[in-house]
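Q: Could you have a look at this structure, given as structure tokens, before my questions?
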Amino acid sequence: MVKKSHIKPPKIPFLIAMLCIFQYANQGISDLPSQCLYYLTREAWHLSATMIGLISWVVGLAWYLKIIFGYFIDNVSIKGKRTTYYLRGSYIALLLSYLYIIFFGLNLTSLIITGIIINICIAFADVSVDREMVIAEHKNNLKGRLQALQWTSLGVAGLFVALGGASIAKYLPEHVNYRVAYG
């Protein structure tokens, strides 16, 4: 006969849990405009698949720089804080980029510049939140529960993106749908 342990698992700190959920949901939802951008660049702007691939590679370079972002977050504090100001700066720059796209639209140059800014901000925020997650996991002996929460949040957001992005791209014209997706 196996004895059941009456020890309750440690509680997940609410604020760090919400931060993890928000960041990973944001990462998932940030893909919402992707389908609309494909139709804009391919159908309206008539860019080749090679050019679209090159643009995607250039704007995605930020994800290869995450180790550098991690170094800054771990070693360069701002006003004594390791992640707070990096997160705030990332989200402010993200919101400003989204507002620019919504109000001014995109051309090839602004697509690349805003794409780079958005990817840098999301990657920086990802590293910031992961740092806090690792600290909270270790401090509270959570054994991967926060990381599971993050990936669940990303998966739910991905499902929303798959359904929402297809609908937006299908029912709205190319010059409008990406603005709606960013809005």
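Residues in the structure tokens are named by chain (A, B, ... in the order shown) and by number from 1 within that chain; ligands are numbered from 1 in the order shown.
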Run DSSP on the backbone and give me the residues of segment 11-142 of chain A it puts in alpha helix (DSSP H), as a ChimeraX atom specification.
A: /A:14-29,33-39,49-59,66-75,84-104,108-140
Q: Mind checking which residues fall within 12 Å of Ser56 of chain A, counting only C-alpha atoms, ignoring those fewer than 2 positions away in the same chain, and posting them as a count of residues only?
A: 23
Q: Give me the residues near Arg88 of chain A as number ranges by chain, where near means some atom within 12 Å (using only C-alpha atoms) and where sequence neighbours in that chain fewer than 3 positions away do not count.
A: A: 78, 81-85, 91-95, 121-122, 124-125, 128-129
Q: Please produce an output containing C-alpha atoms for each residue in the selection, written as a compact mmCIF listing (two decimals), in the first residue's frame.
A:
# COMPACT_ATOMS: atom_id res chain seq x y z
CA ILE A 78 18.97 50.35 -13.62
CA LYS A 81 16.50 46.93 -10.38
CA ARG A 82 17.45 44.04 -12.68
CA THR A 83 14.29 43.62 -14.76
CA THR A 84 11.72 46.33 -13.96
CA TYR A 85 13.01 49.06 -16.24
CA TYR A 91 6.53 47.39 -23.42
CA ILE A 92 6.54 51.15 -24.01
CA ALA A 93 8.54 50.68 -27.23
CA LEU A 94 6.17 47.86 -28.27
CA LEU A 95 3.10 50.02 -27.73
CA CYS A 121 11.29 44.30 -27.35
CA ILE A 122 9.59 40.92 -27.12
CA PHE A 124 14.15 41.51 -24.13
CA ALA A 125 10.89 41.13 -22.20
CA SER A 128 13.49 39.61 -18.24
CA VAL A 129 10.48 37.47 -17.35
Q: Measure the distance from atom CA of Pro173 of chain A to atom CA of Leu47 of chain A in Å and round it to one decimal.
A: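 So the two atoms, atom CA of Pro173 of chain A and atom CA of Leu47 of chain A, lie 17.1 Å apart.
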Q: If you count only C-alpha atoms, which residues fall within 8 Å of His175 of chain A, apart from same-chain ones fewer than 2 positions away, as number ranges by chain?
A: A: 40, 44, 173, 177-179
Q: Smallest atom-to-atom distance to Gly164 of chain A: which of A:Val134, A:Ile67, A:Ile16, A:Val180, using only C-alpha atoms?
A: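 Looking at the shortest contact to Gly164 of chain A, the residue is A:Val180.
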Q: So that I can see what lies close to Leu19 of chain A, please list as a CSV table (one decimal) with C-alpha atoms, in the first residue's frame the residues with an atom at most 10 Å from it, counting only C-alpha atoms and leaving out residues fewer than 2 positions away in the same chain.
A:
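Output contents, as saved in out31.csv:
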chain,number,residue,atom,x,y,z
A,14,PHE,CA,0.4,35.6,-7.8
A,15,LEU,CA,2.3,38.6,-9.3
A,16,ILE,CA,5.1,36.5,-10.9
A,17,ALA,CA,2.4,34.1,-12.2
A,21,ILE,CA,1.1,34.5,-18.2
A,22,PHE,CA,1.1,38.0,-19.6
A,23,GLN,CA,4.5,37.8,-21.2
A,24,TYR,CA,4.0,34.4,-22.9
A,25,ALA,CA,0.4,35.3,-24.0
A,129,VAL,CA,10.5,37.5,-17.3
A,130,ASP,CA,12.5,34.2,-17.6
A,132,GLU,CA,12.2,36.4,-12.6
A,133,MET,CA,10.6,33.0,-13.3
A,150,GLN,CA,4.1,30.1,-19.3
Q: To one decimal place, how far is atom CA of Gln147 of chain A from atom CA of Ile117 of chain A in Å?
A: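 Between atom CA of Gln147 of chain A and atom CA of Ile117 of chain A the gap works out to 25.7 Å.
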Q: List as a PDB file with C-alpha atoms, in the first residue's frame the protein and nucleic acid residues near Gly70 of chain A, meaning an atom at most 10 Å away when only C-alpha atoms are counted, but skip any in the same chain fewer than 5 places from it.
A:
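Okay, out_0.pdb is ready:
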ATOM      1  CA  LEU A  65      20.787  38.197 -29.451  1.00  0.00           C
ATOM      2  CA  ASN A  75      24.843  42.484 -14.955  1.00  0.00           C
ATOM      3  CA  VAL A  76      23.533  45.997 -15.638  1.00  0.00           C
ATOM      4  CA  ALA A 123      12.930  39.096 -26.832  1.00  0.00           C
ATOM      5  CA  PHE A 124      14.150  41.514 -24.135  1.00  0.00           C
ATOM      6  CA  ASP A 126      11.126  37.349 -22.595  1.00  0.00           C
ATOM      7  CA  VAL A 127      14.601  37.276 -21.057  1.00  0.00           C
ATOM      8  CA  SER A 128      13.488  39.609 -18.240  1.00  0.00           C
ATOM      9  CA  ASP A 130      12.462  34.241 -17.629  1.00  0.00           C
ATOM     10  CA  ARG A 131      14.982  35.631 -15.142  1.00  0.00           C
TER      11      ARG A 131
END
Q: I need the residue nearest Cys20 of chain A from this list: A:Ser153, A:Lys170, A:Ile7, A:Leu159. Use only C-alpha atoms for the distance.
A: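 Under the stated criterion, the closest residue is A:Ser153.
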